[in-house]
Each structure stands twice: as structure tokens, then as C-alpha cells.
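Here is protein-v3.txt, consisting of compact mmCIF, C-alpha atoms and all ligand atoms:
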```
# COMPACT_ATOMS: atom_id res chain seq x y z
CA MET A 1 209.69 67.04 94.50
CA ALA A 2 210.20 63.52 95.89
CA GLU A 3 213.63 61.93 96.00
CA ALA A 4 214.59 60.04 92.88
CA THR A 5 213.74 56.36 92.64
CA ARG A 6 216.50 53.73 92.33
CA SER A 7 219.16 54.22 89.66
CA ASP A 8 217.56 51.31 87.78
CA GLY A 9 214.29 53.29 87.80
CA ARG A 10 212.51 50.93 90.16
CA LEU A 11 210.27 52.38 92.88
CA PRO A 12 211.13 51.27 96.44
CA VAL A 13 208.44 49.51 98.45
CA ILE A 14 208.35 49.20 102.24
CA ILE A 15 206.04 46.65 103.83
CA LEU A 16 204.92 47.45 107.37
CA GLY A 17 203.44 44.35 108.97
CA GLY A 18 202.67 42.86 112.36
CA PHE A 19 199.87 41.05 114.12
CA LEU A 20 196.43 42.57 114.80
CA GLY A 21 196.77 45.59 117.06
CA ALA A 22 200.58 45.47 117.18
CA GLY A 23 200.70 49.26 116.74
CA LYS A 24 201.38 49.66 113.00
CA SER A 25 199.23 52.77 112.51
CA THR A 26 200.47 54.33 115.75
CA TRP A 27 204.11 53.77 114.80
CA LEU A 28 203.55 55.05 111.28
CA ARG A 29 201.67 58.11 112.50
CA HIS A 30 204.70 59.10 114.58
CA GLN A 31 207.14 58.55 111.70
CA LEU A 32 204.99 60.74 109.42
CA HIS A 33 204.88 63.37 112.13
CA GLU A 34 208.70 63.26 112.21
CA GLY A 35 208.88 63.73 108.45
CA ARG A 36 209.90 60.14 107.60
CA PHE A 37 208.55 58.62 104.38
CA ALA A 38 208.02 62.05 102.84
CA GLY A 39 206.89 61.64 99.27
CA TYR A 40 205.82 58.04 99.87
CA HIS A 41 202.41 56.93 98.73
CA LEU A 42 200.77 55.09 101.63
CA LEU A 43 198.65 52.03 101.01
CA VAL A 44 196.64 51.03 104.05
CA ASN A 45 195.14 47.57 103.96
CA GLU A 46 192.39 46.34 106.25
CA ALA A 47 190.74 42.96 106.19
CA ALA A 48 187.40 44.47 107.24
CA GLU A 49 185.25 46.45 104.83
CA THR A 50 184.98 49.34 107.27
CA PRO A 51 188.41 51.02 107.26
CA VAL A 52 189.64 52.75 110.41
CA ASP A 53 193.46 52.77 110.36
CA ASN A 54 193.64 55.63 107.87
CA LEU A 55 192.02 57.85 110.53
CA LEU A 56 195.31 57.79 112.45
CA LEU A 57 197.38 58.81 109.44
CA SER A 58 196.36 62.36 108.74
CA GLY A 59 200.08 63.24 108.32
CA ALA A 60 200.12 61.36 105.00
CA ARG A 61 200.17 63.38 101.81
CA LYS A 62 199.00 60.56 99.55
CA ILE A 63 197.05 57.65 100.86
CA SER A 64 194.98 54.84 99.37
CA VAL A 65 192.89 52.48 101.44
CA LEU A 66 192.50 48.84 100.44
CA ALA A 67 189.67 47.55 102.62
CA GLY A 68 187.58 44.40 102.62
CA GLY A 69 190.28 41.77 102.12
CA CYS A 70 193.70 40.96 103.56
CA ALA A 71 196.43 41.95 101.09
CA CYS A 72 198.19 38.58 101.25
CA CYS A 73 195.14 36.52 100.26
CA ALA A 74 191.60 37.75 99.42
CA GLY A 75 192.81 41.31 98.83
CA LEU A 76 195.93 40.36 96.86
CA PRO A 77 194.48 40.98 93.35
CA ASP A 78 193.35 44.43 94.48
CA LEU A 79 196.80 45.16 95.94
CA LEU A 80 198.61 44.08 92.76
CA ALA A 81 196.26 46.16 90.59
CA THR A 82 196.81 49.20 92.84
CA LEU A 83 200.58 48.75 92.73
CA ARG A 84 200.47 48.57 88.92
CA ALA A 85 198.38 51.75 88.80
CA LEU A 86 200.87 53.48 91.10
CA CYS A 87 203.77 52.39 88.89
CA ASP A 88 201.95 53.88 85.89
CA ALA A 89 201.32 57.11 87.79
CA ALA A 90 204.97 57.27 88.92
CA SER A 91 206.15 57.06 85.33
CA GLY A 92 203.34 59.25 84.00
CA LYS A 93 201.41 62.13 85.52
CA GLU A 94 203.08 61.80 88.95
CA ALA A 95 206.60 61.45 87.51
CA GLY A 96 209.20 62.51 90.08
CA ARG A 97 206.56 62.98 92.78
CA ILE A 98 206.36 59.49 94.28
CA ALA A 99 209.48 58.60 96.29
CA GLY A 100 208.22 55.12 97.06
CA ILE A 101 205.30 53.08 98.32
CA LEU A 102 204.68 52.12 101.92
CA LEU A 103 202.15 49.36 102.48
CA GLU A 104 200.67 49.03 105.96
CA THR A 105 199.27 45.52 105.84
CA SER A 106 196.27 44.22 107.73
CA GLY A 107 197.18 42.46 110.96
CA LEU A 108 196.19 39.19 109.29
CA ALA A 109 198.74 39.43 106.48
CA ASP A 110 201.91 37.44 105.98
CA PRO A 111 204.34 39.98 104.47
CA GLY A 112 206.33 37.08 102.97
CA ARG A 113 203.37 36.16 100.75
CA ILE A 114 203.02 39.75 99.57
CA ALA A 115 206.74 39.98 98.79
CA ALA A 116 206.55 36.70 96.86
CA ALA A 117 203.51 37.86 94.87
CA MET A 118 205.27 41.11 93.93
CA ALA A 119 208.38 39.21 92.86
CA GLU A 120 206.32 36.76 90.77
CA ASP A 121 204.36 39.48 88.98
CA PRO A 122 206.05 40.09 85.60
CA VAL A 123 205.21 43.81 85.58
CA LEU A 124 205.80 44.66 89.23
CA SER A 125 209.09 42.78 89.47
CA ARG A 126 210.52 45.11 86.80
CA ARG A 127 209.11 48.29 88.27
CA LEU A 128 209.28 47.87 92.04
CA VAL A 129 211.99 46.84 94.45
CA LEU A 130 211.21 45.61 97.96
CA ASP A 131 213.35 47.89 100.09
CA GLN A 132 212.41 46.75 103.56
CA THR A 133 209.97 44.60 105.50
CA LEU A 134 209.32 46.08 108.94
CA VAL A 135 207.35 43.92 111.35
CA LEU A 136 206.06 45.26 114.66
CA VAL A 137 205.68 42.93 117.63
CA ASP A 138 203.38 43.76 120.54
CA SER A 139 205.36 43.53 123.81
CA LEU A 140 202.15 42.90 125.77
CA HIS A 141 200.71 40.15 123.58
CA GLY A 142 203.74 38.90 121.64
CA VAL A 143 204.42 35.86 123.84
CA GLN A 144 200.81 34.67 123.54
CA GLN A 145 200.82 35.32 119.79
CA LEU A 146 204.08 33.46 119.19
CA THR A 147 202.87 30.57 121.30
CA ALA A 148 199.46 30.22 119.64
CA GLU A 149 199.53 31.82 116.18
CA ASP A 150 201.40 30.43 113.19
CA LEU A 151 200.79 33.73 111.42
CA ALA A 152 202.66 35.70 114.10
CA ARG A 153 205.70 33.46 113.55
CA ALA A 154 205.46 33.80 109.75
CA GLN A 155 205.33 37.59 110.06
CA ILE A 156 208.45 37.61 112.23
CA GLU A 157 210.30 35.30 109.87
CA ALA A 158 209.53 37.62 106.93
CA ALA A 159 211.03 40.73 108.55
CA ASP A 160 214.26 42.60 107.83
CA GLU A 161 213.60 44.70 110.89
CA LEU A 162 211.57 43.86 113.99
CA ILE A 163 210.29 46.58 116.28
CA LEU A 164 208.94 45.81 119.74
CA THR A 165 205.99 48.10 120.46
CA LYS A 166 204.37 49.00 123.82
CA PRO A 167 207.52 48.10 125.80
CA ALA A 168 206.86 50.58 128.63
CA ALA A 169 203.96 48.59 130.08
CA ALA A 170 205.55 45.16 129.64
CA ASP A 171 207.10 43.08 132.40
CA PRO A 172 210.92 43.46 131.89
CA VAL A 173 211.74 39.74 132.08
CA THR A 174 208.88 38.78 129.73
CA LEU A 175 210.07 41.49 127.37
CA ALA A 176 213.67 40.27 127.51
CA ARG A 177 212.47 36.71 126.78
CA LEU A 178 210.37 37.94 123.87
CA ALA A 179 213.33 39.88 122.44
CA LEU A 180 215.57 36.82 122.80
CA SER A 181 212.95 34.61 121.13
CA LEU A 182 212.65 37.02 118.21
CA SER A 183 216.39 36.88 117.64
CA VAL A 184 216.21 33.07 117.63
CA LEU A 185 213.26 33.02 115.19
CA ASN A 186 214.85 35.54 112.85
CA PRO A 187 218.55 35.99 113.63
CA GLY A 188 219.12 38.15 110.54
CA ALA A 189 216.61 40.85 111.42
CA MET A 190 217.55 44.08 113.10
CA LEU A 191 215.75 44.41 116.43
CA SER A 192 214.66 47.65 118.08
CA ALA A 193 211.90 48.97 120.34
CA ALA A 194 209.52 51.92 120.14
CA GLU A 195 206.95 53.39 122.54
CA GLN A 196 204.13 55.17 120.68
CA GLY A 197 206.45 55.24 117.67
CA VAL A 198 209.40 56.82 119.52
CA ALA A 199 212.57 54.69 119.52
CA VAL A 200 213.54 53.48 123.01
CA PRO A 201 216.35 51.14 124.17
CA LEU A 202 215.85 47.40 123.95
CA PRO A 203 215.39 45.55 127.24
CA GLU A 204 218.61 44.52 129.01
CA PRO A 205 219.40 40.84 128.39
CA VAL A 206 218.72 38.72 131.48
CA PRO A 207 221.59 36.27 132.23
CA GLY A 208 220.54 32.64 131.97
CA LEU A 209 217.18 33.44 130.35
CA ALA A 210 216.03 30.88 127.78
CA PRO A 211 214.00 31.77 124.68
CA LEU A 212 210.36 30.70 124.54
CA ASP A 213 209.85 27.02 123.94
CA LEU A 214 207.45 27.30 121.03
CA PRO A 215 205.11 24.37 120.40
CA ALA A 216 204.43 23.06 116.90
CA LEU A 217 201.09 24.46 115.76
CA GLY A 218 198.38 22.70 113.81
CA ARG A 219 195.79 24.37 111.66
CA SER A 220 193.39 26.57 113.57
CA GLU A 221 190.09 28.21 112.72
CA PRO A 222 190.65 31.34 110.60
CA ILE A 223 190.53 34.79 112.18
CA LEU A 224 187.85 36.82 110.41
CA PRO A 225 186.37 40.33 110.63
CA TYR A 226 182.73 40.70 111.75
CA ARG A 227 180.85 43.94 111.19
CA LEU A 228 178.38 45.10 113.81
CA ASP A 229 176.01 48.00 113.32
CA VAL A 230 175.61 49.64 116.73
CA GLY A 231 173.61 52.66 115.55
CA ARG A 232 174.42 56.35 115.53
CA ASP A 233 172.14 57.63 118.23
CA GLY A 234 174.27 57.50 121.34
CA GLY A 235 173.94 54.64 123.79
CA TRP A 236 177.63 55.01 124.53
CA VAL A 237 177.39 53.78 128.13
CA ALA A 238 175.38 50.75 127.02
CA LEU A 239 177.87 50.03 124.24
CA SER A 240 180.96 50.23 126.43
CA THR A 241 179.29 48.03 129.07
CA TRP A 242 178.24 45.48 126.45
CA LEU A 243 181.73 45.43 124.91
CA SER A 244 183.34 44.91 128.32
CA ALA A 245 180.97 42.02 129.02
CA LEU A 246 181.65 40.55 125.57
CA LEU A 247 185.42 40.78 126.04
CA HIS A 248 185.10 39.21 129.46
CA ALA A 249 183.18 36.27 128.02
CA ARG A 250 184.84 35.88 124.62
CA GLY A 251 188.18 37.66 125.01
CA ASP A 252 190.11 34.54 124.00
CA ASP A 253 188.37 34.52 120.62
CA ILE A 254 188.14 38.26 119.96
CA VAL A 255 191.56 39.50 118.96
CA ARG A 256 190.68 43.06 118.01
CA ILE A 257 187.80 45.55 118.08
CA LYS A 258 187.80 48.89 116.32
CA GLY A 259 185.23 51.35 115.11
CA VAL A 260 183.93 54.89 115.24
CA VAL A 261 181.00 55.77 117.46
CA ARG A 262 179.16 58.99 118.29
CA THR A 263 179.23 59.97 121.97
CA PRO A 264 178.32 63.11 123.91
CA ALA A 265 182.06 63.99 123.82
CA GLY A 266 182.18 63.82 120.00
CA ARG A 267 183.09 60.97 117.65
CA LEU A 268 185.39 58.46 119.19
CA LEU A 269 187.75 55.96 117.64
CA LEU A 270 187.23 52.89 119.79
CA GLN A 271 189.87 50.17 119.99
CA SER A 272 190.76 47.06 121.91
CA VAL A 273 193.53 44.51 121.52
CA ARG A 274 192.61 41.20 123.18
CA ARG A 275 191.04 42.18 126.51
CA VAL A 276 192.89 45.48 126.71
CA VAL A 277 190.47 48.30 125.90
CA GLN A 278 192.44 51.40 124.90
CA SER A 279 191.38 54.90 125.89
CA PRO A 280 189.30 56.14 122.96
CA GLU A 281 190.66 58.83 120.69
CA ILE A 282 188.45 61.85 119.87
CA LEU A 283 188.29 62.40 116.11
CA PRO A 284 187.79 65.82 114.55
CA ASP A 285 184.24 66.38 113.34
CA ASP A 286 185.53 67.66 110.01
CA ASP A 287 186.07 64.71 107.65
CA GLU A 288 188.45 66.85 105.59
CA ALA A 289 190.90 66.79 108.52
CA LEU A 290 191.14 62.99 108.25
CA ALA A 291 193.19 60.96 105.79
CA GLY A 292 191.42 58.67 103.32
CA PRO A 293 187.72 57.85 103.28
CA ALA A 294 185.45 59.32 105.97
CA PRO A 295 184.69 56.89 108.80
CA GLU A 296 181.44 54.99 108.89
CA GLU A 297 179.93 56.06 112.21
CA GLY A 298 178.07 53.57 114.35
CA VAL A 299 179.86 50.53 112.96
CA ILE A 300 182.38 48.49 114.85
CA VAL A 301 184.49 45.68 113.52
CA LEU A 302 185.27 42.68 115.69
CA ILE A 303 188.12 40.51 114.46
CA GLY A 304 188.39 37.04 115.86
CA ARG A 305 187.54 33.37 115.66
CA GLY A 306 184.31 31.42 115.73
CA MET A 307 181.88 34.31 116.06
CA ASP A 308 178.44 34.53 114.55
CA ALA A 309 177.49 37.98 113.18
CA GLU A 310 173.75 37.41 113.73
CA ARG A 311 174.17 36.29 117.32
CA LEU A 312 176.42 39.27 118.03
CA ALA A 313 173.83 41.64 116.57
CA LEU A 314 171.05 39.98 118.55
CA SER A 315 173.04 40.17 121.77
CA TRP A 316 173.73 43.89 121.20
CA ARG A 317 170.08 44.64 120.32
CA ARG A 318 168.85 42.90 123.48
CA PHE A 319 171.36 44.75 125.60
CA GLY A 320 171.42 48.15 123.96
CA THR A 321 167.71 48.80 123.58
N1 LIG A 401 200.97 51.89 125.32
C1 LIG A 401 201.11 51.79 124.01
N2 LIG A 401 200.02 51.57 123.24
C2 LIG A 401 200.21 51.48 121.90
C3 LIG A 401 201.49 51.58 121.31
N3 LIG A 401 201.35 51.40 119.97
C4 LIG A 401 200.03 51.21 119.76
N4 LIG A 401 199.34 51.27 120.91
C5 LIG A 401 197.89 51.10 121.09
O1 LIG A 401 197.52 49.82 120.59
C6 LIG A 401 196.27 49.88 119.92
C7 LIG A 401 196.45 49.36 118.50
O2 LIG A 401 197.29 50.27 117.81
P1 LIG A 401 197.23 50.45 116.23
O3 LIG A 401 198.33 51.37 115.87
O4 LIG A 401 195.86 50.77 115.78
O5 LIG A 401 197.58 48.96 115.80
P2 LIG A 401 197.59 48.32 114.33
O6 LIG A 401 198.71 47.35 114.29
O7 LIG A 401 197.59 49.41 113.29
O8 LIG A 401 196.18 47.57 114.35
P3 LIG A 401 195.51 46.65 113.18
O9 LIG A 401 195.61 47.45 111.92
O10 LIG A 401 194.11 46.45 113.63
O11 LIG A 401 196.26 45.37 113.12
C8 LIG A 401 195.84 51.35 119.93
O12 LIG A 401 194.88 51.53 120.94
C9 LIG A 401 197.12 52.11 120.25
O13 LIG A 401 196.88 53.29 120.99
C10 LIG A 401 202.64 51.79 122.16
O14 LIG A 401 203.81 51.84 121.73
N5 LIG A 401 202.38 51.89 123.49
```
Show the structure stored in the file as C-alpha cells.
Amino acid sequence: MAEATRSDGRLPVIILGGFLGAGKSTWLRHQLHEGRFAGYHLLVNEAAETPVDNLLLSGARKISVLAGGCACCAGLPDLLATLRALCDAASGKEAGRIAGILLETSGLADPGRIAAAMAEDPVLSRRLVLDQTLVLVDSLHGVQQLTAEDLARAQIEAADELILTKPAAADPVTLARLALSLSVLNPGAMLSAAEQGVAVPLPEPVPGLAPLDLPALGRSEPILPYRLDVGRDGGWVALSTWLSALLHARGDDIVRIKGVVRTPAGRLLLQSVRRVVQSPEILPDDDEALAGPAPEEGVIVLIGRGMDAERLALSWRRFGT
């Protein structure tokens, strides 16, 4: 049986946000492994139509995937409808079995807009209470994101708690400056750090260090997901070489790549954040062992600015065949 909801009967909601590739699924996977959020219904939102993040969350008991639209804008109607359905379930057939709802947003979402939409919805505002907004900040890319992306700043401003991810590989002074800048941008938020989801100490403050001098930002081209069909019949070496070349040439525009491909070693979950290509994760061959919908093999999603899906496909076909 899940813990009881609030004394006023409202179901607590936790929003887990952060920029593309900040480490939301990785952090959440560790918390689930540690038994946190037991009884919570997980909602995993991805802007792309080909969901991947759920593959990391096999520790979840109940999970719904909202793919094909960011939950703060194009996917908002879908999110609100799902939240209403969960409220109905929590007071009906699932009564006493849902302790709360945890929404892992897409990396393109502003959690503040989601919170506002929930508060403005006449049904949800009576049945849900926003318990916490956790926002993860990538120690390796946070300075660049804060300097160039309005969205990264909005996410930080919306947080009750900020968690610096990937601190182990970050330069200590850059990390200390990032931490200082976060506390200037959102002085009310609790700040902590976690490596692969495990809490670690914050960087030591550096005497005399100034926070980042953040420029005013104008409107920039939107960041969008692009789907690329790379086929299911191997070609792994060609694909990894092509992706490396693509990141070399267009790494400033491509913020994130993820997808599931078949290789001689099994199916791999492939990921990159900016130009950093992560070591691929081998997925079990049994779809039943994975949370949420089965992955679409041979499809990768590139998330970035100013790309052309047809030109990407043409470039891959020329290279990979
Ligand atoms: N070294 C290190 N790598 C991490 C850490 N957290 C996440 N990563 C890596 O960063 C990449 C992105 O992690 P995810 O957890 O998928 O990030 P996300 O925020 O869910 O990504 P999106 O949903 O696409 O925005 C993966 O390759 C992770 O292995 C960390 O604390 N340390």
C-alpha cells in the first residue's frame, strides 16, 4: 500500500527538470534503486516521438511515457489529460496505491510553465499539490548553457532544489563558479551535488571567485528533435564514425543524440550530450525487462537547432551504404 496522500486529499507531484542530457534519468534510476519514490507513478516526457528515457527506469513500478511533445508546450494538453486520468485512478480503482506523481520532463521543458498550467487547471488545482521542483544542472555543460540558453536559466529559476550532476569530471574552479552562479540566480533553492545519482559534497567555495557574468539573451532558433532511421542491420562501425564526424562538424548545433541500435554486442542505448559521446549501455534483449514501451531499434533522435531531416538522412545514406 502506498503512503497516504496529503491530509486535504491532494496527491503530491514532483517535477524533475533540467536541460537536455543533464542526467535526469540517470539520477532518477539511482533513486528508484535506493527505494525512493516508492508508490509514485512516474510520467516520463520526451519531446521526440521515439522514447528512450524510460529504458533507464526499469526500477519503476508504474510508468507512463508522454512522447512526441514537450510537456510545457506542445505536449501540455496530453500531460494535463494524463494527470486528470491519474487523479481519477487515485480516487477510484487505484485508491490508496498511488503515493504521488513524479514527472520527469523533457530537457526542453520549463518546469515553471508546467507548474503554472497545473495551478490554473480547475480540476488539477483541487486534486494535486506541487510538492517539489527538482532541477538538475550538468556540471560539464552548465556554464555554456547558462551563458547561451534562456531556457536553462528559466529551469534554474523554477527550482526548489538544484542538483549539480557529473561533478567528478568537472574542473573544480569552473564547478565552484557554476555553484556560486546558481545561488545568485535562485538564492532560495537548496543546492546539492550528485555523481551518477549518488549524493556527493558540493565544491569548496573559492575565495574571491565571482559568479558568471551572464549576458542578456535575445530570441534564438528553437531546439527541435529530428528522427533519423539508421536501419536495423548492423553497420555499427559506420554509424559511430558518421556520428563522430557529424558531432565534429555540427556539435555546436546538436545538443543531444539518443537512440537504440543493434550491434554485434547486442542492442545498445546510444547517447551523446553536446560533443561528449557516452559509453553505450547494453540493453537486455527481453523487452519485458524494460520499463514502458519497447524501444524502436534502428532509430536515433538528434535534438538541436537548424538541422534538416532530409539532409541528415541523405548524409547517413551516402556514408553508411
Ligand atoms: N559522468 C557522469 N555522467 C552522467 C551523470 N549523470 C548522467 N550522466 C550521463 O549523461 C548522459 C545523459 O544522461 P541522462 O540521464 O540520459 O540525461 P537526461 O537529463 O535524462 O537526458 P534528456 O532526457 O535527453 O534531457 C548519459 O550518457 C549518462 O550516462 C553523472 O552524474 N556523471
How big is the axis-aligned box, and where does its centre sit, when it encloses all atoms of region 90-101 of chain A listed in the file and has 5 Å added on every side, reported in Å to one decimal as AutoDock Vina command-line options?
```
--center_x 205.4 --center_y 58.0 --center_z 91.2 --size_x 18.1 --size_y 19.9 --size_z 24.3
```
How close does region 41-145 of chain A get to region 211-235 of chain A? List, as a tab-separated table, each residue of region 41-145 of chain A within 9 Å, its nearest atom pair and the distance in Å to one decimal, counting all atoms listed in the file.
```
residue	atom	partner	partner_atom	distance
A:Ala47	CA	A:Pro225	CA	6.8
A:Ala48	CA	A:Pro225	CA	5.4
A:Glu49	CA	A:Arg227	CA	8.1
A:Thr50	CA	A:Arg227	CA	7.8
A:Leu108	CA	A:Ile223	CA	7.7
A:Val143	CA	A:Leu212	CA	7.9
```
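Between CA of Pro167 (chain A) and CA of Gly142 (chain A) lies a distance of 10.8 Å.
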Expected selection as a PyMOL selection string for ligand LIG 401 (chain A) within 7 Å, only C-alpha atoms and all ligand atoms: chain A and resi 18-27+46+53+106-107+165-169+194-197+256+271-273+278-279
Let me see the file: selected residues, C-alpha atoms, as a PDB file, in the coordinates of the input.
```
ATOM      1  CA  GLY A  18     202.670  42.860 112.360  1.00  0.00           C
ATOM      2  CA  PHE A  19     199.870  41.050 114.120  1.00  0.00           C
ATOM      3  CA  LEU A  20     196.430  42.570 114.800  1.00  0.00           C
ATOM      4  CA  GLY A  21     196.770  45.590 117.060  1.00  0.00           C
ATOM      5  CA  ALA A  22     200.580  45.470 117.180  1.00  0.00           C
ATOM      6  CA  GLY A  23     200.700  49.260 116.740  1.00  0.00           C
ATOM      7  CA  LYS A  24     201.380  49.660 113.000  1.00  0.00           C
ATOM      8  CA  SER A  25     199.230  52.770 112.510  1.00  0.00           C
ATOM      9  CA  THR A  26     200.470  54.330 115.750  1.00  0.00           C
ATOM     10  CA  TRP A  27     204.110  53.770 114.800  1.00  0.00           C
ATOM     11  CA  GLU A  46     192.390  46.340 106.250  1.00  0.00           C
ATOM     12  CA  ASP A  53     193.460  52.770 110.360  1.00  0.00           C
ATOM     13  CA  SER A 106     196.270  44.220 107.730  1.00  0.00           C
ATOM     14  CA  GLY A 107     197.180  42.460 110.960  1.00  0.00           C
ATOM     15  CA  THR A 165     205.990  48.100 120.460  1.00  0.00           C
ATOM     16  CA  LYS A 166     204.370  49.000 123.820  1.00  0.00           C
ATOM     17  CA  PRO A 167     207.520  48.100 125.800  1.00  0.00           C
ATOM     18  CA  ALA A 168     206.860  50.580 128.630  1.00  0.00           C
ATOM     19  CA  ALA A 169     203.960  48.590 130.080  1.00  0.00           C
ATOM     20  CA  ALA A 194     209.520  51.920 120.140  1.00  0.00           C
ATOM     21  CA  GLU A 195     206.950  53.390 122.540  1.00  0.00           C
ATOM     22  CA  GLN A 196     204.130  55.170 120.680  1.00  0.00           C
ATOM     23  CA  GLY A 197     206.450  55.240 117.670  1.00  0.00           C
ATOM     24  CA  ARG A 256     190.680  43.060 118.010  1.00  0.00           C
ATOM     25  CA  GLN A 271     189.870  50.170 119.990  1.00  0.00           C
ATOM     26  CA  SER A 272     190.760  47.060 121.910  1.00  0.00           C
ATOM     27  CA  VAL A 273     193.530  44.510 121.520  1.00  0.00           C
ATOM     28  CA  GLN A 278     192.440  51.400 124.900  1.00  0.00           C
ATOM     29  CA  SER A 279     191.380  54.900 125.890  1.00  0.00           C
TER      30      SER A 279
END
```
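Separating CA of Gly75 (chain A) from CA of Thr105 (chain A) is a distance of 10.4 Å.
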Atomic separation - CA of Ile14 (chain A) relative to CA of Leu134 (chain A), Å: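 Straight-line distance from CA of Leu134 (chain A) to CA of Ile14 (chain A) works out to 7.5 Å.
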Show which residues sit within 8 Å of Gln155 (chain A), as a compact mmCIF listing (two decimals) with C-alpha atoms, keeping the file's coordinate frame. Count all atoms listed in the file, and ignore same-chain residues fewer than 6 positions away.
```txt
# COMPACT_ATOMS: atom_id res chain seq x y z
CA GLY A 17 203.44 44.35 108.97
CA GLY A 18 202.67 42.86 112.36
CA PHE A 19 199.87 41.05 114.12
CA ALA A 109 198.74 39.43 106.48
CA ASP A 110 201.91 37.44 105.98
CA PRO A 111 204.34 39.98 104.47
CA GLY A 112 206.33 37.08 102.97
CA VAL A 135 207.35 43.92 111.35
```
Non-local contacts of Arg10 (chain A) (12 Å; only C-alpha atoms; under 6 positions in same chain excluded) as a ChimeraX atom specification: /A:4,86-88,90-91,98-101,123-131
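Among the candidates A:Leu102, A:Leu209, A:Val277, A:Leu314, the residue lying nearest to Val173 (chain A) is A:Leu209 (atoms considered: all atoms listed in the file).
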Test item: residues at most 10 Å from Ser244 (chain A), all atoms listed in the file, excluding those fewer than 6 positions along its chain, as a PyMOL selection string: chain A and resi 238+250-251+275-277
Can those selected residues be exported to a file as a tab-separated table (two decimals), in the coordinates of the input so that it contains C-alpha atoms?
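Below is the file that was written, out-v2.tsv:
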```
chain	number	residue	atom	x	y	z
A	238	ALA	CA	175.38	50.75	127.02
A	250	ARG	CA	184.84	35.88	124.62
A	251	GLY	CA	188.18	37.66	125.01
A	275	ARG	CA	191.04	42.18	126.51
A	276	VAL	CA	192.89	45.48	126.71
A	277	VAL	CA	190.47	48.30	125.90
```
